[in-house]
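Asker: Below you'll find structure13.csv; it's CSV, C-alpha atoms.
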chain,number,residue,atom,x,y,z
T,1,MET,CA,137.6,-26.5,-100.0
T,2,LYS,CA,135.0,-24.3,-98.3
T,3,SER,CA,134.2,-20.6,-98.5
T,4,SER,CA,134.4,-18.8,-95.2
T,5,THR,CA,132.0,-16.1,-96.3
T,6,ARG,CA,128.9,-16.4,-98.4
T,7,ASN,CA,130.3,-15.1,-101.6
T,8,GLU,CA,134.1,-15.4,-101.2
T,9,PRO,CA,135.6,-15.5,-104.7
T,10,LYS,CA,137.4,-18.6,-105.7
T,11,THR,CA,141.1,-18.1,-106.2
T,12,THR,CA,142.6,-18.0,-109.7
T,13,ARG,CA,144.8,-21.0,-108.7
T,14,ASP,CA,141.8,-23.0,-107.6
T,15,LEU,CA,140.0,-22.2,-110.8
T,16,ALA,CA,143.0,-23.2,-112.9
T,17,TYR,CA,143.6,-26.3,-110.9
T,18,TYR,CA,140.1,-27.7,-111.2
T,19,ARG,CA,139.8,-26.8,-114.9
T,20,GLN,CA,143.0,-28.7,-115.7
T,21,ARG,CA,142.0,-31.6,-113.4
T,22,TYR,CA,138.7,-31.9,-115.2
T,23,ARG,CA,140.3,-31.6,-118.7
T,24,ASN,CA,142.8,-34.4,-117.7
T,25,ARG,CA,140.0,-36.7,-116.5
T,26,VAL,CA,137.9,-36.3,-119.6
T,27,PHE,CA,141.0,-36.6,-121.8
T,28,SER,CA,142.2,-39.7,-120.0
T,29,LYS,CA,138.8,-41.4,-120.3
T,30,LEU,CA,138.5,-40.5,-124.0
T,31,VAL,CA,142.0,-41.5,-125.0
T,32,SER,CA,141.6,-44.8,-123.1
T,33,PHE,CA,138.3,-45.5,-124.9
T,34,ILE,CA,139.7,-44.7,-128.3
T,35,ALA,CA,142.9,-46.7,-127.8
T,36,GLU,CA,140.9,-49.8,-126.8
T,37,GLN,CA,138.3,-49.5,-129.5
T,38,SER,CA,140.8,-48.7,-132.2
T,39,GLU,CA,142.8,-51.8,-131.3
T,40,ARG,CA,139.7,-54.0,-131.1
T,41,LYS,CA,138.2,-52.8,-134.4
T,42,LYS,CA,141.6,-52.4,-136.1
T,43,LEU,CA,141.0,-48.7,-136.8
T,44,THR,CA,143.7,-46.1,-137.6
T,45,LYS,CA,143.6,-42.4,-137.1
T,46,LYS,CA,143.1,-42.2,-140.9
T,47,ASP,CA,139.9,-44.3,-140.5
T,48,ILE,CA,138.6,-42.0,-137.7
T,49,ALA,CA,139.5,-38.9,-139.8
T,50,GLU,CA,137.6,-40.3,-142.8
T,51,ARG,CA,134.5,-41.0,-140.7
T,52,LEU,CA,134.5,-37.4,-139.4
T,53,ASN,CA,135.5,-35.9,-142.7
T,54,LYS,CA,138.6,-34.4,-141.1
T,55,ASP,CA,142.3,-34.4,-141.7
T,56,PRO,CA,144.3,-37.2,-139.9
T,57,GLY,CA,146.6,-34.6,-138.5
T,58,GLN,CA,143.6,-32.9,-136.9
T,59,ILE,CA,142.8,-36.1,-135.1
T,60,SER,CA,146.3,-36.4,-133.9
T,61,ARG,CA,146.3,-32.9,-132.5
T,62,LEU,CA,143.0,-33.5,-130.7
T,63,LEU,CA,144.4,-36.6,-129.0
T,64,ASN,CA,147.7,-35.1,-128.1
T,65,GLN,CA,146.7,-32.4,-125.6
T,66,PRO,CA,143.7,-32.2,-123.2
T,67,GLY,CA,143.5,-28.5,-124.0
T,68,ASN,CA,142.6,-29.2,-127.7
T,69,LEU,CA,139.3,-30.9,-126.9
T,70,THR,CA,135.9,-29.2,-126.8
T,71,LEU,CA,132.6,-30.7,-126.0
T,72,ASP,CA,131.8,-30.8,-129.7
T,73,THR,CA,135.0,-32.6,-130.7
T,74,ILE,CA,134.5,-35.1,-127.9
T,75,SER,CA,131.1,-35.8,-129.2
T,76,ASP,CA,132.4,-36.1,-132.8
T,77,LEU,CA,135.2,-38.5,-131.8
T,78,LEU,CA,132.9,-40.7,-129.8
T,79,LEU,CA,130.4,-40.7,-132.7
T,80,ALA,CA,133.2,-42.0,-135.0
T,81,PHE,CA,133.0,-45.2,-132.8
T,82,ASP,CA,129.2,-45.2,-132.7
T,83,ALA,CA,129.3,-44.1,-129.1
T,84,GLU,CA,128.3,-41.1,-127.0
T,85,ALA,CA,129.1,-39.9,-123.5
T,86,GLU,CA,126.7,-39.8,-120.7
T,87,PRO,CA,126.5,-36.4,-118.8
T,88,PRO,CA,129.3,-36.1,-116.3
T,89,GLU,CA,128.7,-37.0,-112.7
T,90,ILE,CA,128.6,-33.9,-110.5
T,91,ILE,CA,129.7,-34.2,-106.9
T,92,LEU,CA,129.9,-31.8,-104.0
T,93,PHE,CA,133.3,-31.6,-102.3
T,94,GLU,CA,131.6,-32.5,-99.0
T,95,ASP,CA,130.4,-35.8,-100.6
T,96,ARG,CA,133.8,-36.7,-102.1
T,97,ARG,CA,135.4,-40.0,-101.1
T,98,PRO,CA,138.3,-39.6,-98.7
T,99,PRO,CA,141.7,-39.3,-100.3
T,100,ASN,CA,143.7,-42.5,-100.7
T,101,TYR,CA,146.7,-41.2,-98.8
T,102,MET,CA,145.0,-41.2,-95.5
T,103,HIS,CA,147.0,-43.2,-93.0
T,104,PRO,CA,145.3,-46.6,-92.2
T,105,LEU,CA,145.4,-45.8,-88.5
T,106,ILE,CA,143.7,-42.5,-89.0
T,107,ALA,CA,141.2,-44.1,-91.3
T,108,ARG,CA,140.5,-46.7,-88.6
T,109,ALA,CA,140.1,-44.0,-85.9
T,110,LEU,CA,137.7,-42.1,-88.1
T,111,ASN,CA,136.0,-45.3,-89.2
T,112,VAL,CA,136.6,-44.5,-92.9
T,113,GLU,CA,136.9,-47.0,-95.7
T,114,ILE,CA,139.9,-46.2,-97.9
T,115,GLU,CA,139.3,-46.5,-101.6
T,116,ASP,CA,141.7,-45.8,-104.4
T,117,GLN,CA,141.6,-42.7,-106.6
T,118,LEU,CA,141.9,-44.6,-109.9
T,119,THR,CA,138.8,-46.8,-109.6
T,120,THR,CA,136.9,-44.7,-112.1
T,121,GLU,CA,139.6,-45.1,-114.6
T,122,SER,CA,139.6,-48.8,-114.5
T,123,SER,CA,135.9,-49.0,-115.4
T,124,VAL,CA,136.7,-48.2,-119.0
T,125,ALA,CA,139.3,-50.8,-119.4
T,126,ALA,CA,138.5,-53.5,-121.9
T,127,GLU,CA,140.2,-56.5,-123.3
T,128,GLY,CA,143.2,-55.9,-125.5
T,129,LYS,CA,147.0,-55.8,-125.6
T,130,PRO,CA,148.8,-53.1,-123.7
T,131,LEU,CA,150.0,-50.3,-126.0
T,132,SER,CA,153.6,-50.6,-126.9
T,133,PHE,CA,155.8,-47.7,-125.9
T,134,SER,CA,156.2,-46.6,-129.5
T,135,GLU,CA,152.5,-46.0,-129.7
T,136,ARG,CA,152.6,-43.6,-126.7
T,137,GLN,CA,153.0,-39.9,-126.9
T,138,LEU,CA,156.2,-39.1,-125.0
T,139,GLU,CA,157.2,-35.5,-124.4
T,140,PHE,CA,160.5,-34.6,-122.8
T,141,GLU,CA,162.0,-31.3,-122.0
T,142,ALA,CA,165.0,-30.1,-119.9
T,143,THR,CA,165.7,-26.6,-118.7
T,144,THR,CA,167.8,-24.9,-116.1
T,145,SER,CA,166.2,-24.2,-112.7
P,1,MET,CA,177.2,-31.3,-97.9
P,2,GLN,CA,176.4,-33.7,-100.8
P,3,PRO,CA,177.3,-32.1,-104.2
P,4,LEU,CA,174.5,-33.9,-106.0
P,5,SER,CA,170.7,-34.2,-105.3
P,6,ILE,CA,168.2,-35.9,-107.6
P,7,MET,CA,164.5,-36.0,-107.0
P,8,ALA,CA,161.6,-37.1,-109.1
P,9,LEU,CA,157.9,-36.6,-108.6
P,10,PHE,CA,155.1,-38.4,-110.5
P,11,CYS,CA,151.9,-36.4,-111.1
P,12,GLU,CA,148.8,-36.1,-113.3
P,13,ASP,CA,150.0,-33.1,-115.3
P,14,ILE,CA,152.6,-30.3,-115.4
P,15,ARG,CA,151.4,-26.8,-116.3
P,16,GLU,CA,153.6,-24.0,-117.3
P,17,GLU,CA,152.9,-20.7,-115.6
P,18,LYS,CA,154.4,-17.2,-116.2
P,19,ARG,CA,157.9,-16.3,-115.1
P,20,GLU,CA,159.4,-19.8,-115.4
P,21,ILE,CA,157.1,-21.2,-112.8
P,22,VAL,CA,155.4,-24.6,-113.2
P,23,THR,CA,152.5,-26.1,-111.4
P,24,LEU,CA,152.4,-29.8,-110.7
P,25,VAL,CA,148.8,-31.1,-110.8
P,26,GLY,CA,147.8,-34.1,-108.8
P,27,ILE,CA,151.1,-35.3,-107.3
P,28,LEU,CA,150.8,-39.1,-106.8
P,29,PRO,CA,151.8,-40.8,-103.5
P,30,ASP,CA,154.5,-43.4,-103.4
P,31,SER,CA,152.0,-46.2,-103.7
P,32,VAL,CA,148.9,-46.0,-105.8
P,33,ASN,CA,146.0,-48.4,-105.5
P,34,VAL,CA,144.4,-49.5,-108.8
P,35,SER,CA,141.2,-51.4,-108.9
P,36,ILE,CA,140.3,-53.7,-111.7
P,37,PRO,CA,137.0,-55.7,-112.1
P,38,SER,CA,137.0,-59.1,-110.5
P,39,LYS,CA,137.6,-62.3,-112.5
P,40,SER,CA,133.9,-63.0,-112.7
P,41,ASP,CA,133.2,-59.6,-114.2
P,42,PRO,CA,132.9,-59.7,-118.0
P,43,ARG,CA,134.5,-56.2,-118.2
P,44,ARG,CA,137.6,-57.6,-116.6
P,45,ALA,CA,140.6,-56.5,-118.6
P,46,ASP,CA,144.0,-54.8,-118.5
P,47,PRO,CA,144.7,-52.1,-115.9
P,48,PRO,CA,143.7,-48.6,-116.9
P,49,LEU,CA,145.3,-46.0,-119.0
P,50,LEU,CA,146.1,-42.6,-117.7
P,51,LYS,CA,148.3,-39.6,-118.3
P,52,LEU,CA,151.5,-39.7,-116.3
P,53,ALA,CA,153.8,-36.7,-115.9
P,54,MET,CA,157.3,-36.8,-114.3
P,55,TYR,CA,159.2,-33.9,-112.9
P,56,VAL,CA,162.9,-34.5,-112.3
P,57,ARG,CA,165.1,-31.9,-110.6
P,58,ILE,CA,168.9,-32.3,-110.4
P,59,ASN,CA,170.8,-29.9,-108.1
P,60,PHE,CA,174.6,-30.2,-108.2
P,61,ASP,CA,177.8,-28.5,-107.3
P,62,PRO,CA,178.7,-26.1,-110.2
P,63,ASP,CA,182.1,-27.7,-110.3
P,64,LEU,CA,180.8,-31.2,-110.7
P,65,ASP,CA,180.9,-32.7,-114.2
P,66,LEU,CA,177.5,-34.2,-115.0
P,67,GLY,CA,178.2,-35.1,-118.6
P,68,THR,CA,174.8,-35.7,-120.4
P,69,PRO,CA,172.4,-37.2,-117.9
P,70,LYS,CA,170.0,-39.8,-119.2
P,71,ILE,CA,166.6,-40.3,-117.7
P,72,ARG,CA,164.7,-43.6,-118.0
P,73,LEU,CA,161.9,-45.6,-116.5
P,74,VAL,CA,162.5,-49.1,-115.3
P,75,MET,CA,159.2,-51.0,-115.4
P,76,PRO,CA,158.3,-53.7,-112.8
P,77,ASN,CA,159.2,-56.4,-115.4
P,78,GLY,CA,162.7,-54.9,-115.9
P,79,GLU,CA,161.8,-53.2,-119.3
P,80,LYS,CA,163.8,-49.9,-119.6
P,81,VAL,CA,162.1,-47.0,-121.3
P,82,GLU,CA,164.3,-44.1,-122.2
P,83,LEU,CA,162.6,-40.8,-121.5
P,84,GLY,CA,165.3,-38.5,-122.8
P,85,THR,CA,168.8,-37.0,-122.4
P,86,ILE,CA,169.7,-33.7,-120.9
P,87,LYS,CA,172.0,-32.0,-123.4
P,88,SER,CA,175.4,-30.9,-122.1
P,89,GLU,CA,174.6,-27.3,-123.2
P,90,VAL,CA,171.7,-27.2,-120.7
P,91,VAL,CA,174.0,-28.4,-117.9
P,92,SER,CA,176.7,-25.9,-118.9
P,93,VAL,CA,174.2,-23.0,-118.8
P,94,ALA,CA,173.0,-24.1,-115.4
P,95,ARG,CA,176.5,-24.3,-114.1
P,96,GLU,CA,177.4,-20.8,-115.5
P,97,LYS,CA,174.2,-19.3,-114.1
P,98,ALA,CA,174.9,-20.7,-110.6
P,99,LYS,CA,178.4,-19.3,-110.7
P,100,GLU,CA,177.3,-16.0,-112.0
P,101,HIS,CA,174.7,-15.6,-109.3
P,102,GLY,CA,176.8,-17.0,-106.5
P,103,ASN,CA,174.4,-20.0,-106.0
P,104,PRO,CA,175.9,-22.9,-104.1
P,105,LEU,CA,174.0,-25.4,-106.3
P,106,ALA,CA,173.3,-25.4,-110.0
P,107,GLY,CA,169.9,-26.8,-111.1
P,108,VAL,CA,168.5,-28.7,-114.1
P,109,ILE,CA,164.8,-29.6,-114.4
P,110,SER,CA,163.4,-32.1,-116.8
P,111,ARG,CA,159.8,-32.8,-117.5
P,112,ALA,CA,158.3,-35.8,-119.3
P,113,THR,CA,154.7,-36.8,-119.9
P,114,MET,CA,153.4,-40.1,-121.3
P,115,THR,CA,150.0,-40.2,-122.8
P,116,PRO,CA,148.5,-42.7,-122.5
P,117,PHE,CA,150.4,-44.6,-119.8
P,118,ARG,CA,149.2,-48.0,-119.0
P,119,VAL,CA,149.5,-49.2,-115.4
P,120,PRO,CA,151.8,-52.3,-115.5
P,121,LYS,CA,149.8,-55.5,-115.6
P,122,GLY,CA,150.1,-57.1,-112.2
P,123,GLY,CA,151.3,-53.9,-110.7
P,124,GLY,CA,154.7,-53.5,-109.0
P,125,VAL,CA,157.3,-50.9,-108.5
P,126,MET,CA,158.3,-48.6,-111.4
P,127,ARG,CA,161.6,-46.8,-110.9
P,128,LEU,CA,162.8,-43.5,-112.4
P,129,GLU,CA,166.5,-43.6,-112.9
P,130,VAL,CA,169.0,-40.9,-113.9
P,131,LEU,CA,172.2,-42.0,-115.4
P,132,ILE,CA,175.1,-39.6,-114.7
P,133,ASN,CA,178.4,-40.6,-116.2
P,134,ASP,CA,177.1,-44.2,-116.4
P,135,VAL,CA,176.2,-44.3,-112.7
P,136,GLU,CA,172.6,-45.1,-111.9
P,137,HIS,CA,170.8,-42.8,-109.5
P,138,MET,CA,167.3,-43.7,-108.4
P,139,ALA,CA,165.3,-40.5,-108.4
P,140,GLY,CA,161.9,-41.8,-107.6
P,141,ALA,CA,159.7,-44.9,-107.5
P,142,LEU,CA,156.0,-45.5,-107.9
P,143,ASN,CA,154.4,-48.6,-106.6
P,144,PHE,CA,151.2,-49.8,-108.3
P,145,LEU,CA,149.1,-51.9,-106.1
P,146,ILE,CA,146.5,-53.9,-108.1
P,147,ALA,CA,143.4,-55.0,-106.3
P,148,GLU,CA,140.3,-56.7,-107.7
P,149,LYS,CA,137.0,-54.9,-106.9
P,150,GLY,CA,135.5,-56.7,-104.0
P,151,GLU,CA,138.8,-57.4,-102.3
P,152,SER,CA,139.6,-55.7,-99.1
P,153,SER,CA,140.9,-52.3,-100.0
P,154,THR,CA,144.5,-51.3,-99.1
P,155,SER,CA,145.9,-47.9,-98.5
P,156,SER,CA,148.6,-45.9,-100.1
P,157,SER,CA,151.1,-43.8,-98.4
P,158,ALA,CA,153.1,-40.8,-99.4
Translate the structure described by the file into C-alpha cells.
Answerer:
Amino acid sequence: MKSSTRNEPKTTRDLAYYRQRYRNRVFSKLVSFIAEQSERKKLTKKDIAERLNKDPGQISRLLNQPGNLTLDTISDLLLAFDAEAEPPEIILFEDRRPPNYMHPLIARALNVEIEDQLTTESSVAAEGKPLSFSERQLEFEATTS
Amino acid sequence: MQPLSIMALFCEDIREEKREIVTLVGILPDSVNVSIPSKSDPRRADPPLLKLAMYVRINFDPDLDLGTPKIRLVMPNGEKVELGTIKSEVVSVAREKAKEHGNPLAGVISRATMTPFRVPKGGGVMRLEVLINDVEHMAGALNFLIAEKGESSTSSSA
C-alpha cells in the first residue's frame, strides 16, 4: 500500500482493516501465552482474577474478544504471570516479507525466498497438551443472506 | 443449473459492518505453512494457537428442502467437531425472502470463530463439512503444512 500523493488520506477501510489485524495479532499472542502458562502452572481464571484483584468474569470478558483489550489490561494480564511485553516490532510495508501465496515459479523468477505467515505465532509455543475443544471459545451464528 | 451451492472460507476474523455487510479479515489460502522450532531447539513445542474464523454460505433453490443443516469440522486425525446447526426457521425465512423478491436462489450464511484454535499436531487437511438431510457436503478444506525452522521452506497456494 503506497500513497500516490504526499498526503493522500488513508481510506476508512484500510484504517479499520489494519486496526483489526493488529488487535487480532496481539490477542492471539496474549491468549496463546496465557493458555500455555495457565496449563503449565495449573492456574485458573479465578487465580488470575485474584492476582489482579478483579472479578473472574472480567478476566473471561477480556480474553473473549480482541476488542476488549487495552494496553493497560494487557500489561495487567501479563503481570499476573510475572511477565511483561516488549515494545511491538514496527515494520514498513516496503520491508515486509513477501506473502506466502506467491506462486513458486514467480518466486523463483523474482529470486524471492517464500516464508510462511504464521512463523511469528509459533515462537510463543511452549510445551504442553493441546487444548481440548471444550476449553475453546466457539461462537456460531446463522443468518439469511 | 445446480440447485445447491455450499462454500466455506477460512480467515483470521469476521467483522460486522453496517447494513448487513460483513468484512472477512485475512482470508487464508488453501494451504498454510506453519513453522515450529527444530528438534534441537529447547523452545520446541506444539504448533501455535491462533484465532480461526469460518464463513459458510449456502445458496439453494427456494423449493429445495434443506432441513436443519449441521456444520462441522473434521480434523486431520478424523475427530469431528460440531460447530453448530442452522435452525429450520432461518432456512424458511431465507426461502420466503427469495420467493418474495423473485431471487432464483435463497441464501443462508453462517459464521463460526474458534479462539484459540490450535494448529493440528503434525499438520494435515482439516475439512469443513455441511450435513444436509444426512448427506455430507465438503464446503472447504485447509491444509496445514508443518515445517521445522531451518528446513527448506515450502509455498502455499490459494
Asker: With distances taken over all atoms listed in the file, which residue among T:Gln65, T:Thr12, T:Asn53, T:Thr70 lies nearest chain P?
Answerer: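 That would be T:Gln65, the residue with the smallest distance to chain P.
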Asker: For Phe93 in chain T, which residue out of T:Tyr18, T:Asn7, T:Pro66, T:Lys54 is the nearest one, using only C-alpha atoms?
Answerer: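 Ranked by minimum distance to Phe93 in chain T, first place goes to T:Tyr18.
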Asker: What is the distance between CA of Met114 in chain P and CA of Ala53 in chain P, in Å to one decimal?
Answerer: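 If I compute the distance from CA of Met114 in chain P to CA of Ala53 in chain P, I get 6.4 Å.
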Asker: Taking only C-alpha atoms into account, which of T:Ala142, T:Gly67, T:Glu89, T:Thr11 comes nearest Ser28 in chain T?
Answerer: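 Result for the nearest residue to Ser28 in chain T: T:Gly67.
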Asker: As an exercise, work out the distance from CA of Phe140 in chain T to CA of Ala94 in chain P in Å and give it to one decimal place.
Answerer: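 Those two atoms sit 17.9 Å apart.
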Asker: Give me the residues within 8 Å of range 67-84 of chain P as a JSON list (two decimals) with C-alpha atoms, keeping the file's coordinate frame, counting only C-alpha atoms and dropping any in the same chain fewer than 4 places off.
Answerer:
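Ended up saving to out39.json:
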[["chain", "number", "residue", "atom", "x", "y", "z"],
["T", 133, "PHE", "CA", 155.80, -47.70, -125.90],
["T", 138, "LEU", "CA", 156.20, -39.10, -125.00],
["T", 140, "PHE", "CA", 160.50, -34.60, -122.80],
["T", 141, "GLU", "CA", 162.00, -31.30, -122.00],
["P", 88, "SER", "CA", 175.40, -30.90, -122.10],
["P", 91, "VAL", "CA", 174.00, -28.40, -117.90],
["P", 112, "ALA", "CA", 158.30, -35.80, -119.30],
["P", 120, "PRO", "CA", 151.80, -52.30, -115.50],
["P", 123, "GLY", "CA", 151.30, -53.90, -110.70],
["P", 124, "GLY", "CA", 154.70, -53.50, -109.00],
["P", 125, "VAL", "CA", 157.30, -50.90, -108.50],
["P", 126, "MET", "CA", 158.30, -48.60, -111.40],
["P", 127, "ARG", "CA", 161.60, -46.80, -110.90],
["P", 128, "LEU", "CA", 162.80, -43.50, -112.40],
["P", 129, "GLU", "CA", 166.50, -43.60, -112.90],
["P", 130, "VAL", "CA", 169.00, -40.90, -113.90],
["P", 131, "LEU", "CA", 172.20, -42.00, -115.40],
["P", 132, "ILE", "CA", 175.10, -39.60, -114.70],
["P", 133, "ASN", "CA", 178.40, -40.60, -116.20]]
Asker: In Å, with one decimal, what is the gap from CA of Asn68 in chain T to CA of Ala83 in chain T?
Answerer: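 Value for the CA of Asn68 in chain T-CA of Ala83 in chain T distance: 20.0 Å.
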Asker: I'd like to know which of P:Leu66, P:Ile14, P:Val108, P:Ala98 is closest to chain T, using only C-alpha atoms.
Answerer: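 Smallest separation from chain T among the options: P:Val108.
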Asker: Of the candidates T:Pro87, T:Thr44, T:Arg21, T:Leu78, which shows the shortest atom-to-atom distance to Gly57 in chain T, using only C-alpha atoms?
Answerer: T:Thr44
Asker: Between T:Ala80, T:Leu92, T:Ala16, T:Ala85, which is the closest to Glu50 in chain T once you count only C-alpha atoms?
Answerer: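 Residue with the minimum atom-to-atom distance to Glu50 in chain T: T:Ala80.
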Asker: Using all atoms listed in the file, what residues lie at most 8 Å away from (151.1, -52.9, -105.2) (file coordinates), given as a list of chain:residue names?
Answerer: P:Ser31, P:Val32, P:Asn33, P:Gly123, P:Gly124, P:Val125, P:Asn143, P:Phe144, P:Leu145, P:Ile146
Asker: Name the residues in contact with Tyr55 in chain P at a cut-off of 7 Å, using only C-alpha atoms, excluding same-chain residues fewer than 4 positions from it; report them as a VMD selection string.
Answerer: chain P and resid 8 to 10 110 to 112
Asker: I'd like the neighbourhood of Glu20 in chain P as a ChimeraX atom specification, where a residue qualifies if any of its atoms comes within 12 Å (using only C-alpha atoms), though same-chain residues fewer than 5 positions away should be ignored.
Answerer: /T:143-145 /P:15,109
Asker: What's around Leu77 in chain T at 10 Å? Count all atoms listed in the file, leave out sequence neighbours fewer than 5 positions away in its own chain, and write the answer as number ranges by chain.
Answerer: T: 30, 34, 48-49, 51-52, 59, 62-63, 69, 72, 82-84
